[in-house]
Every structure is written in structure tokens, then in C-alpha cells.
file input.cif (mmCIF, C-alpha atoms)
data_query
#
loop_
_atom_site.label_atom_id
_atom_site.label_comp_id
_atom_site.auth_asym_id
_atom_site.auth_seq_id
_atom_site.Cartn_x
_atom_site.Cartn_y
_atom_site.Cartn_z
CA MET A 3 -72.12 -25.60 54.56
CA THR A 4 -68.54 -25.37 55.80
CA LYS A 5 -66.91 -22.18 54.62
CA THR A 6 -63.44 -22.18 53.08
CA ARG A 7 -61.08 -20.30 55.39
CA VAL A 8 -58.71 -17.90 53.64
CA LEU A 9 -56.07 -15.91 55.52
CA THR A 10 -53.94 -12.97 54.38
CA GLY A 11 -51.44 -10.87 56.34
CA ILE A 12 -50.14 -7.43 55.40
CA THR A 13 -46.75 -6.43 56.85
CA THR A 14 -46.92 -2.92 58.29
CA THR A 15 -43.65 -1.37 57.17
CA GLY A 16 -44.65 0.71 54.15
CA THR A 17 -47.27 2.86 52.46
CA PRO A 18 -49.63 0.95 50.12
CA HIS A 19 -48.89 1.58 46.44
CA LEU A 20 -50.46 0.74 43.08
CA GLY A 21 -48.59 -2.58 42.92
CA ASN A 22 -49.99 -3.65 46.30
CA TYR A 23 -53.49 -2.79 45.14
CA VAL A 24 -53.35 -4.74 41.90
CA GLY A 25 -51.42 -7.71 43.27
CA ALA A 26 -53.04 -8.24 46.66
CA ILE A 27 -55.62 -5.73 47.86
CA LYS A 28 -58.05 -5.80 44.94
CA PRO A 29 -58.46 -9.63 44.77
CA ALA A 30 -58.57 -9.90 48.57
CA ILE A 31 -61.33 -7.32 48.89
CA ALA A 32 -63.34 -9.18 46.25
CA ALA A 33 -62.90 -12.37 48.29
CA SER A 34 -64.01 -10.58 51.47
CA GLN A 35 -67.41 -10.07 49.86
CA ASP A 36 -67.90 -13.78 49.06
CA PRO A 37 -70.36 -15.31 51.56
CA SER A 38 -68.99 -18.81 50.92
CA VAL A 39 -65.55 -17.77 52.21
CA GLN A 40 -64.53 -16.95 55.78
CA SER A 41 -61.71 -14.45 55.29
CA TYR A 42 -59.13 -13.41 57.84
CA TYR A 43 -57.16 -10.26 57.07
CA PHE A 44 -54.64 -8.99 59.57
CA LEU A 45 -52.06 -6.27 60.00
CA ALA A 46 -48.84 -8.26 60.49
CA ASP A 47 -47.35 -5.74 62.90
CA LEU A 48 -45.33 -8.30 64.88
CA HIS A 49 -43.68 -9.34 61.61
CA ALA A 50 -42.93 -5.66 60.94
CA LEU A 51 -40.60 -5.55 63.95
CA ILE A 52 -38.29 -8.03 62.27
CA LYS A 53 -37.09 -5.53 59.68
CA CYS A 54 -38.13 -2.14 61.04
CA GLN A 55 -36.98 -0.68 64.35
CA ASP A 56 -38.54 2.71 63.66
CA PRO A 57 -41.61 2.77 65.95
CA ARG A 58 -43.11 5.83 64.28
CA ARG A 59 -42.91 4.19 60.85
CA VAL A 60 -44.56 0.99 62.10
CA GLN A 61 -47.33 3.00 63.76
CA GLU A 62 -47.91 5.16 60.66
CA SER A 63 -47.91 2.13 58.39
CA ARG A 64 -50.47 0.30 60.53
CA LEU A 65 -52.82 3.29 60.27
CA GLU A 66 -52.22 3.83 56.53
CA ILE A 67 -52.76 0.18 55.64
CA ALA A 68 -55.91 -0.17 57.75
CA ALA A 69 -57.34 3.03 56.24
CA THR A 70 -56.46 1.84 52.73
CA TRP A 71 -58.26 -1.49 53.06
CA LEU A 72 -61.33 0.13 54.58
CA ALA A 73 -61.40 2.93 51.98
CA LEU A 74 -61.28 0.39 49.16
CA GLY A 75 -64.29 -1.54 50.46
CA LEU A 76 -63.14 -4.38 52.70
CA ASP A 77 -66.29 -6.10 54.03
CA THR A 78 -65.57 -6.23 57.76
CA ASP A 79 -68.99 -7.75 58.49
CA ASN A 80 -68.03 -10.90 56.58
CA ALA A 81 -64.22 -10.82 56.85
CA ILE A 82 -62.40 -10.73 60.19
CA PHE A 83 -59.97 -7.76 60.11
CA TYR A 84 -57.56 -7.42 63.03
CA ARG A 85 -54.10 -6.47 64.22
CA GLN A 86 -51.84 -9.43 64.84
CA SER A 87 -50.61 -7.84 68.09
CA ASP A 88 -54.19 -7.65 69.41
CA VAL A 89 -54.42 -11.46 69.49
CA PRO A 90 -51.86 -12.56 72.12
CA GLU A 91 -52.83 -16.20 71.65
CA ILE A 92 -50.86 -16.10 68.39
CA THR A 93 -47.59 -15.43 70.22
CA GLU A 94 -48.27 -18.21 72.73
CA LEU A 95 -48.98 -20.60 69.89
CA THR A 96 -45.71 -19.48 68.26
CA TRP A 97 -43.84 -20.78 71.31
CA MET A 98 -45.70 -24.09 71.29
CA LEU A 99 -44.90 -24.55 67.61
CA SER A 100 -41.26 -23.51 68.14
CA CYS A 101 -40.93 -26.38 70.59
CA VAL A 102 -41.85 -28.94 67.93
CA CYS A 103 -40.13 -27.25 64.98
CA ALA A 104 -36.74 -28.60 63.95
CA LYS A 105 -33.95 -26.02 63.82
CA GLY A 106 -32.81 -27.63 60.57
CA LEU A 107 -36.12 -26.61 58.98
CA MET A 108 -35.46 -22.96 59.87
CA ASN A 109 -31.89 -23.26 58.56
CA ARG A 110 -33.39 -23.87 55.11
CA ALA A 111 -35.62 -20.77 55.12
CA HIS A 112 -34.89 -18.56 52.10
CA ALA A 113 -34.62 -15.28 54.04
CA TYR A 114 -32.16 -16.76 56.55
CA LYS A 115 -30.05 -18.43 53.86
CA ALA A 116 -29.95 -15.17 51.89
CA ALA A 117 -28.76 -13.24 54.96
CA VAL A 118 -26.04 -15.83 55.64
CA ALA A 119 -24.95 -15.75 51.98
CA GLU A 120 -24.72 -11.95 52.16
CA ASN A 121 -22.46 -12.17 55.22
CA GLU A 122 -20.24 -14.75 53.56
CA ALA A 123 -20.00 -12.67 50.38
CA ALA A 124 -18.96 -9.67 52.50
CA GLY A 125 -16.20 -11.76 54.10
CA ASN A 126 -17.66 -11.70 57.62
CA GLN A 127 -16.18 -14.36 59.87
CA ASP A 128 -19.55 -14.78 61.61
CA PRO A 129 -22.09 -15.99 59.03
CA ASP A 130 -24.89 -14.99 61.42
CA LYS A 131 -23.71 -11.40 61.88
CA GLY A 132 -26.68 -9.06 62.27
CA ILE A 133 -29.25 -11.87 62.00
CA THR A 134 -31.88 -11.70 64.73
CA MET A 135 -33.94 -14.53 66.15
CA GLY A 136 -36.93 -12.70 64.70
CA LEU A 137 -35.57 -13.15 61.18
CA PHE A 138 -34.47 -16.72 61.87
CA GLY A 139 -37.74 -17.88 63.42
CA TYR A 140 -40.33 -15.79 61.62
CA PRO A 141 -41.64 -18.76 59.57
CA VAL A 142 -42.86 -20.17 62.92
CA LEU A 143 -44.76 -16.96 63.68
CA MET A 144 -46.23 -17.15 60.19
CA ALA A 145 -47.24 -20.74 60.84
CA ALA A 146 -48.97 -19.63 64.06
CA ASP A 147 -50.85 -16.91 62.15
CA ILE A 148 -52.20 -19.56 59.79
CA LEU A 149 -52.75 -22.47 62.14
CA MET A 150 -54.46 -20.46 64.88
CA PHE A 151 -57.47 -20.14 62.57
CA ASN A 152 -56.95 -23.41 60.69
CA ALA A 153 -56.88 -21.57 57.38
CA HIS A 154 -57.45 -23.82 54.40
CA LYS A 155 -55.94 -21.49 51.80
CA VAL A 156 -53.28 -18.80 52.03
CA PRO A 157 -52.82 -16.55 48.98
CA VAL A 158 -49.09 -15.86 48.57
CA GLY A 159 -46.46 -14.94 46.02
CA ARG A 160 -44.17 -17.70 44.78
CA ASP A 161 -41.43 -16.56 47.16
CA GLN A 162 -43.69 -17.44 50.12
CA ILE A 163 -44.66 -20.98 49.10
CA GLN A 164 -41.83 -22.39 51.22
CA HIS A 165 -43.33 -20.85 54.36
CA ILE A 166 -46.69 -22.51 53.75
CA GLU A 167 -44.91 -25.84 53.31
CA MET A 168 -43.12 -25.23 56.61
CA ALA A 169 -46.45 -24.50 58.29
CA ARG A 170 -47.75 -27.83 56.97
CA ASP A 171 -44.67 -29.64 58.31
CA ILE A 172 -44.98 -28.01 61.74
CA ALA A 173 -48.73 -28.72 61.92
CA ALA A 174 -48.24 -32.37 60.98
CA ARG A 175 -45.47 -32.72 63.57
CA PHE A 176 -47.67 -31.25 66.32
CA ASN A 177 -50.61 -33.48 65.36
CA HIS A 178 -48.34 -36.54 65.43
CA LEU A 179 -46.64 -35.75 68.75
CA PHE A 180 -49.85 -34.93 70.59
CA LYS A 181 -51.99 -37.55 68.86
CA GLY A 182 -54.83 -35.49 67.48
CA ASP A 183 -56.11 -33.60 64.46
CA TYR A 184 -55.57 -30.19 65.98
CA PHE A 185 -54.47 -28.43 62.80
CA SER A 186 -55.61 -28.75 59.22
CA LEU A 187 -52.80 -28.54 56.67
CA PRO A 188 -52.95 -25.21 54.78
CA GLU A 189 -52.52 -24.85 51.04
CA ALA A 190 -50.64 -22.07 49.28
CA VAL A 191 -52.67 -20.30 46.59
CA VAL A 192 -50.63 -18.63 43.84
CA ASP A 193 -52.67 -16.78 41.23
CA ASP A 194 -50.47 -16.31 38.16
CA ARG A 195 -53.19 -14.14 36.62
CA VAL A 196 -52.57 -11.42 39.20
CA ALA A 197 -50.44 -8.72 37.64
CA VAL A 198 -47.06 -7.69 39.03
CA LEU A 199 -46.76 -3.98 38.28
CA ASN A 200 -43.52 -2.31 37.31
CA GLY A 201 -42.48 0.90 39.02
CA LEU A 202 -41.15 4.27 37.87
CA ASP A 203 -37.83 2.80 36.72
CA GLY A 204 -39.21 -0.27 34.95
CA ARG A 205 -38.31 -2.70 37.73
CA LYS A 206 -40.93 -4.41 39.91
CA MET A 207 -42.79 -1.77 41.93
CA SER A 208 -41.35 -2.10 45.42
CA LYS A 209 -40.58 0.20 48.33
CA SER A 210 -37.12 -1.38 48.50
CA TYR A 211 -36.40 0.08 45.03
CA ASN A 212 -37.96 3.45 45.95
CA ASN A 213 -39.90 3.34 42.66
CA THR A 214 -43.49 3.19 43.89
CA ILE A 215 -46.60 5.25 43.23
CA PRO A 216 -48.51 5.44 46.55
CA LEU A 217 -52.22 4.79 46.14
CA PHE A 218 -53.57 7.91 47.75
CA VAL A 219 -51.12 10.72 47.03
CA SER A 220 -52.56 14.10 46.06
CA GLU A 221 -53.53 14.82 42.44
CA LYS A 222 -50.48 17.05 42.04
CA LYS A 223 -48.10 14.38 43.37
CA LEU A 224 -49.78 11.65 41.31
CA LEU A 225 -49.26 13.67 38.12
CA LYS A 226 -45.62 14.28 39.02
CA LEU A 227 -45.00 10.56 39.62
CA VAL A 228 -46.78 9.42 36.44
CA ARG A 229 -44.65 11.84 34.44
CA LYS A 230 -41.52 10.23 35.95
CA ILE A 231 -42.40 6.76 34.57
CA LYS A 232 -39.55 5.58 32.37
CA THR A 233 -40.30 5.38 28.62
CA ASN A 234 -38.15 5.15 25.48
CA SER A 235 -37.06 7.85 23.02
CA LEU A 236 -39.65 7.22 20.28
CA GLU A 237 -41.17 10.44 18.96
CA PRO A 238 -44.89 11.28 18.56
CA GLY A 239 -46.21 9.66 15.39
CA GLU A 240 -43.89 6.65 15.66
CA PRO A 241 -45.69 3.36 16.47
CA LYS A 242 -44.95 2.10 19.99
CA ASP A 243 -45.08 -1.36 21.54
CA PRO A 244 -47.45 -1.44 24.53
CA ASP A 245 -46.17 -4.85 25.65
CA GLY A 246 -43.40 -4.32 28.16
CA CYS A 247 -44.30 -0.64 28.59
CA THR A 248 -44.76 0.26 32.27
CA LEU A 249 -47.15 3.08 31.40
CA PHE A 250 -49.46 0.78 29.42
CA GLN A 251 -49.18 -1.96 32.07
CA ILE A 252 -50.33 0.37 34.85
CA TYR A 253 -53.19 1.69 32.73
CA SER A 254 -54.34 -1.84 31.82
CA ALA A 255 -54.30 -2.95 35.46
CA PHE A 256 -57.08 -0.45 36.21
CA ALA A 257 -58.88 -0.16 32.85
CA THR A 258 -61.52 -2.43 31.30
CA ALA A 259 -60.57 -4.77 28.46
CA GLU A 260 -62.23 -2.41 25.97
CA GLU A 261 -60.36 0.61 27.32
CA SER A 262 -57.06 -1.26 27.19
CA ALA A 263 -57.71 -2.30 23.58
CA ALA A 264 -58.42 1.33 22.65
CA MET A 265 -55.17 2.47 24.31
CA ARG A 266 -53.28 -0.27 22.46
CA ARG A 267 -54.55 1.20 19.18
CA GLU A 268 -53.32 4.63 20.31
CA TYR A 269 -49.85 3.12 20.77
CA GLU A 270 -49.97 1.63 17.28
CA ASN A 271 -50.98 5.06 15.92
CA GLY A 272 -47.96 6.70 17.55
CA ILE A 273 -49.36 8.50 20.60
CA GLY A 274 -46.75 10.79 22.14
CA TRP A 275 -45.36 9.88 25.55
CA GLY A 276 -46.50 13.17 27.06
CA GLU A 277 -50.05 12.60 25.88
CA ALA A 278 -49.98 8.96 27.04
CA LYS A 279 -48.82 10.00 30.51
CA ASN A 280 -51.56 12.62 30.74
CA ARG A 281 -54.17 10.02 29.78
CA VAL A 282 -52.88 7.55 32.37
CA PHE A 283 -52.84 10.23 35.07
CA GLU A 284 -56.41 11.35 34.26
CA TYR A 285 -57.68 7.77 34.28
CA LEU A 286 -55.96 6.83 37.55
CA ASN A 287 -56.99 10.06 39.20
CA GLU A 288 -60.63 9.47 38.32
CA GLN A 289 -60.52 5.83 39.49
CA LEU A 290 -58.90 6.78 42.80
CA ARG A 291 -60.83 9.99 43.52
CA GLU A 292 -63.61 8.53 45.69
CA PRO A 293 -61.48 6.01 47.62
CA ARG A 294 -58.89 8.77 48.16
CA GLU A 295 -61.56 10.94 49.77
CA ARG A 296 -62.67 8.03 51.98
CA TYR A 297 -59.03 7.33 52.88
CA GLN A 298 -58.38 10.93 53.89
CA ALA A 299 -61.52 10.96 56.03
CA LEU A 300 -60.45 7.73 57.73
CA MET A 301 -56.92 9.04 58.38
CA GLU A 302 -58.51 12.01 60.14
CA ASP A 303 -60.61 9.67 62.29
CA PRO A 304 -58.19 7.10 63.76
CA GLY A 305 -60.71 6.40 66.52
CA HIS A 306 -63.06 4.82 63.97
CA ILE A 307 -60.26 2.63 62.59
CA GLU A 308 -59.33 1.62 66.14
CA GLN A 309 -62.90 0.51 66.84
CA VAL A 310 -63.06 -1.53 63.61
CA LEU A 311 -59.80 -3.30 64.47
CA LEU A 312 -60.79 -3.94 68.09
CA LYS A 313 -64.08 -5.43 66.90
CA GLY A 314 -62.12 -7.65 64.51
CA ALA A 315 -59.75 -8.68 67.30
CA GLU A 316 -62.70 -9.58 69.50
CA ARG A 317 -64.05 -11.86 66.77
CA ALA A 318 -60.60 -13.36 66.17
CA ARG A 319 -60.05 -13.99 69.88
CA GLY A 320 -63.50 -15.53 70.07
CA GLU A 321 -62.00 -18.36 68.05
CA ALA A 322 -58.42 -18.20 69.32
CA VAL A 323 -59.07 -18.35 73.09
CA PRO A 324 -61.04 -21.64 73.21
CA PHE A 325 -58.75 -23.21 70.59
CA LEU A 326 -55.64 -22.32 72.57
CA ASP A 327 -57.24 -23.76 75.71
CA ARG A 328 -57.61 -27.02 73.82
CA LEU A 329 -53.98 -26.87 72.70
CA ARG A 330 -52.79 -26.12 76.24
CA GLN A 331 -54.64 -29.23 77.41
CA ALA A 332 -53.04 -31.24 74.61
CA VAL A 333 -49.46 -30.33 75.58
CA GLY A 334 -49.98 -30.62 79.35
CA LEU A 335 -50.53 -26.95 80.23
CA GLY A 336 -54.24 -27.27 80.99
CA ARG A 337 -55.86 -26.25 84.27
CA PHE A 338 -55.90 -28.70 87.18
CA ILE A 339 -59.64 -28.42 87.71
#

call {"tool": "encode", "arguments": {"input": "input.cif", "output": "C-alpha cells"}}
result
Amino acid sequence: MTKTRVLTGITTTGTPHLGNYVGAIKPAIAASQDPSVQSYYFLADLHALIKCQDPRRVQESRLEIAATWLALGLDTDNAIFYRQSDVPEITELTWMLSCVCAKGLMNRAHAYKAAVAENEAAGNQDPDKGITMGLFGYPVLMAADILMFNAHKVPVGRDQIQHIEMARDIAARFNHLFKGDYFSLPEAVVDDRVAVLNGLDGRKMSKSYNNTIPLFVSEKKLLKLVRKIKTNSLEPGEPKDPDGCTLFQIYSAFATAEESAAMRREYENGIGWGEAKNRVFEYLNEQLREPRERYQALMEDPGHIEQVLLKGAERARGEAVPFLDRLRQAVGLGRFI
């Protein structure tokens, strides 16, 4: 039976938070345990360089993210877990794909257009001021990530669908020019059932808004952050609407359906905000206690994480090296003998 190939990259510029867990990590880890799926999970550290020139932050983020995924149960026997930068064939493929990718396609990329629009709004004479080739061409690197392993499905948010379509266009162009079925055309997978958590201020939880709750902060820090979650001015005893309430949303993302229904009744009965925040803290703290301990142990043993990632890179390169040899032959860069 041919396994479905699913690929997911995690950009290494931040510390994983509750929103990352609910929106991406939890469903991906479940998929990693499915024997009918060949999963590829990678630390997108080359992508990180596009928007972060702080080497210490990139290095810390790579370690934190790897430790987080392992602590939460990523099945590295089934899934292939690697650092993007440990598979140099990806960067060589990026160049091959760049040579068949139309510049006009990159001109239409959302991130590039947004950066140009920002320059124009600021009155800059040069619409490309401050825009690097990394930002301009990163959809090609993303295409190489996907096409190197001929992923069938790529779980993404709606804002990333365009990049999967670009990868399809680039793959089809390469296949046409070099007369072969080298690349399968990937499909974007958008799961609208996956929750998007709000942060401390009620906006989407995002490091760019500085409103996140990191997954594995200490109990004391977790309590402090939960108590900072924005609520309204309704007093204890007054019925409260759980729908649209960040506190209830975060609780429900971790709780069972029965537990969420019970909390909803507490809202209807007028639970006080202080009591509600204490309940949410206690529940989250209990849910995260064991993985937090595993995470802390992993962070104190970077050598173990390094070995896991090197093993994953070896498996990834086991596929990438012979495939790239085939692609080199296709474009005229093969060996003479």
C-alpha cells in the first residue's frame, strides 16, 4: 500500500505557545502516529533567516521547538523529523526550481506585495526598500521543501494556500520542460475545524502581538499569564456568555466535550472571573505537567535532541540524495560516467 505523504514545516523564530499547540502541533502529532501516513516534519531554520537576523534567537528557537514536539509525543520512528539545514539537497533543488520559476509568479506572492504596499504607504521612492531576496524568493524554497519529498498533502493555514499553488505551478513547469513526471503536484489541506486561539488581549494568539502563553512556562508564570487574559466587567453572579470569551475558548481547546459543557453551565450560573481564571489555570497546569517535565529534561539534554534530528536528517537524505541525482541528470548536470 502506498502511503500518503504529508509534510509540515515549523519556522524557528519563536517559542511554541498554546495557539501553536492547538492549531498545528496537536493534529500533526496525531498524524505522526498513523501507520498509513508517511509524515515529514522539519524545523524550517533556513526560512527563519528571512525575518530574523538574531543568531542566538534562531538557535534557541530550534532547540525549544524540537524539544516541544518530542515532549508532546511526536513518533520519530514513523515520522521523519529533521532540520531543513541538515538536508543540503533542498537548497540545490531551490536553485533548480528558481531557474524555471517565472519572476512574475513571485511578484504576486502575498508577503512580497504586502512589503511593497507598506513601502508605498510610507512614501518610499523605492518600493523594494528593505526587501531581501530571501523574502522575495521564499516561496521557491518552500516549493523545494515540498517537492523534494513529493509530498501529497501539506497542512497549511488559509494564508499559505497561495504558496502550495505556486509549488504546483513550479512542479508542472519543471515536468514539462524536462519531459518527465519528476514531481507530483501537492495539495493544500486546510482544516477549518482546527481552533485558532485568541491571546491575552483577545486578538489572535501570535508572537507578533506579544499576547501569547508559552506552552511550558513555570506554574507561577502560567498563573500570572492566565490572570492577565482580558475579560469584561460583569460581576460574580451575573450570567456570562462563553462564546467569544478567550478564557472559555482556551479551556475548551484542551478540555473534553463534557468538561466544556460543564464550564458553559458555570458561565450561565454567573461564575466570577477570578474563579474562572483559577479553574482554567488549574486545568491547563494539570494537562501540561507531564509534558512540561519531559520538555525540561530534553532542554537539559541537547545532545539527545541533536541525535534525534541527525537520525531524521539521515532518513531524509536517504530519499533526497538519489532523487536529486535523478534531477541533476534530467537538467544536464549528471556525471559523465

call {"tool": "atom_distance", "arguments": {"input": "input.cif", "atom1": "CA of Gly272 in chain A", "atom2": "CA of Lys232 in chain A"}}
result
17.1 Å

call {"tool": "resolve_selection", "arguments": {"input": "input.cif", "expression": "the PyMOL selection byres ((chain A and resi 284) around 12)", "output": "number ranges by chain"}}
result
A: 221-222, 224-225, 228-229, 253, 256-257, 277-283, 285-291

call {"tool": "resolve_selection", "arguments": {"input": "input.cif", "expression": "the PyMOL selection byres ((chain A and resi 110) around 12)", "output": "ChimeraX atom specification"}}
result
/A:104-109,111-118,138-139,141,164-165,167-168

call {"tool": "resolve_selection", "arguments": {"input": "input.cif", "expression": "the PyMOL selection byres ((chain A and resi 93) around 12)", "output": "PyMOL selection string"}}
result
chain A and resi 48-49+86-92+94-100+140+142-147+149-150+322+326

call {"tool": "residues_near_point", "arguments": {"input": "input.cif", "point": "(-58.0, -4.8, 68.7)", "cutoff": "12 Å", "atoms": "all atoms listed in the file", "output": "list in words"}}
result
Phe44, Leu45, Ile82, Phe83, Tyr84, Arg85, Gln86, Ser87, Asp88, Val89, Pro90, Gly305, His306, Ile307, Glu308, Gln309, Val310, Leu311, Leu312, Lys313, Gly314, Ala315, Glu316, Arg317, Ala318 and Arg319 of chain A

call {"tool": "residues_around", "arguments": {"input": "input.cif", "residues": "Asp130 in chain A", "least_positions_apart": "2", "cutoff": "9 Å", "atoms": "all atoms listed in the file", "output": "list in words"}}
result
Tyr114, Ala117, Val118, Asn121, Asn126, Gln127, Asp128, Gly132, Ile133 and Thr134 of chain A

call {"tool": "residues_around", "arguments": {"input": "input.cif", "residues": "Met207 in chain A", "least_positions_apart": "6", "cutoff": "12 Å", "atoms": "only C-alpha atoms", "output": "ChimeraX atom specification"}}
result
/A:18-25,197-201,213-216,231,248,251-252

call {"tool": "write_last_selection", "arguments": {"input": "input.cif", "atoms": "C-alpha atoms", "output": "PDB file, in the coordinates of the input"}}
result
ATOM      1  CA  PRO A  18     -49.630   0.950  50.120  1.00  0.00           C
ATOM      2  CA  HIS A  19     -48.890   1.580  46.440  1.00  0.00           C
ATOM      3  CA  LEU A  20     -50.460   0.740  43.080  1.00  0.00           C
ATOM      4  CA  GLY A  21     -48.590  -2.580  42.920  1.00  0.00           C
ATOM      5  CA  ASN A  22     -49.990  -3.650  46.300  1.00  0.00           C
ATOM      6  CA  TYR A  23     -53.490  -2.790  45.140  1.00  0.00           C
ATOM      7  CA  VAL A  24     -53.350  -4.740  41.900  1.00  0.00           C
ATOM      8  CA  GLY A  25     -51.420  -7.710  43.270  1.00  0.00           C
ATOM      9  CA  ALA A 197     -50.440  -8.720  37.640  1.00  0.00           C
ATOM     10  CA  VAL A 198     -47.060  -7.690  39.030  1.00  0.00           C
ATOM     11  CA  LEU A 199     -46.760  -3.980  38.280  1.00  0.00           C
ATOM     12  CA  ASN A 200     -43.520  -2.310  37.310  1.00  0.00           C
ATOM     13  CA  GLY A 201     -42.480   0.900  39.020  1.00  0.00           C
ATOM     14  CA  ASN A 213     -39.900   3.340  42.660  1.00  0.00           C
ATOM     15  CA  THR A 214     -43.490   3.190  43.890  1.00  0.00           C
ATOM     16  CA  ILE A 215     -46.600   5.250  43.230  1.00  0.00           C
ATOM     17  CA  PRO A 216     -48.510   5.440  46.550  1.00  0.00           C
ATOM     18  CA  ILE A 231     -42.400   6.760  34.570  1.00  0.00           C
ATOM     19  CA  THR A 248     -44.760   0.260  32.270  1.00  0.00           C
ATOM     20  CA  GLN A 251     -49.180  -1.960  32.070  1.00  0.00           C
ATOM     21  CA  ILE A 252     -50.330   0.370  34.850  1.00  0.00           C
TER      22      ILE A 252
END

call {"tool": "atom_distance", "arguments": {"input": "input.cif", "atom1": "CA of Arg328 in chain A", "atom2": "CA of Ser34 in chain A"}}
result
28.5 Å

call {"tool": "residues_around", "arguments": {"input": "input.cif", "residues": "range 5-15 of chain A", "least_positions_apart": "6", "cutoff": "6 Å", "atoms": "only C-alpha atoms", "output": "PyMOL selection string"}}
result
chain A and resi 38-47+50+60+63-64+153-156

call {"tool": "write_last_selection", "arguments": {"input": "input.cif", "atoms": "C-alpha atoms", "output": "tab-separated table (two decimals), keeping the file's coordinate frame"}}
result
chain	number	residue	atom	x	y	z
A	38	SER	CA	-68.99	-18.81	50.92
A	39	VAL	CA	-65.55	-17.77	52.21
A	40	GLN	CA	-64.53	-16.95	55.78
A	41	SER	CA	-61.71	-14.45	55.29
A	42	TYR	CA	-59.13	-13.41	57.84
A	43	TYR	CA	-57.16	-10.26	57.07
A	44	PHE	CA	-54.64	-8.99	59.57
A	45	LEU	CA	-52.06	-6.27	60.00
A	46	ALA	CA	-48.84	-8.26	60.49
A	47	ASP	CA	-47.35	-5.74	62.90
A	50	ALA	CA	-42.93	-5.66	60.94
A	60	VAL	CA	-44.56	0.99	62.10
A	63	SER	CA	-47.91	2.13	58.39
A	64	ARG	CA	-50.47	0.30	60.53
A	153	ALA	CA	-56.88	-21.57	57.38
A	154	HIS	CA	-57.45	-23.82	54.40
A	155	LYS	CA	-55.94	-21.49	51.80
A	156	VAL	CA	-53.28	-18.80	52.03

call {"tool": "atom_distance", "arguments": {"input": "input.cif", "atom1": "CA of Phe250 in chain A", "atom2": "CA of Asp161 in chain A"}}
result
26.1 Å
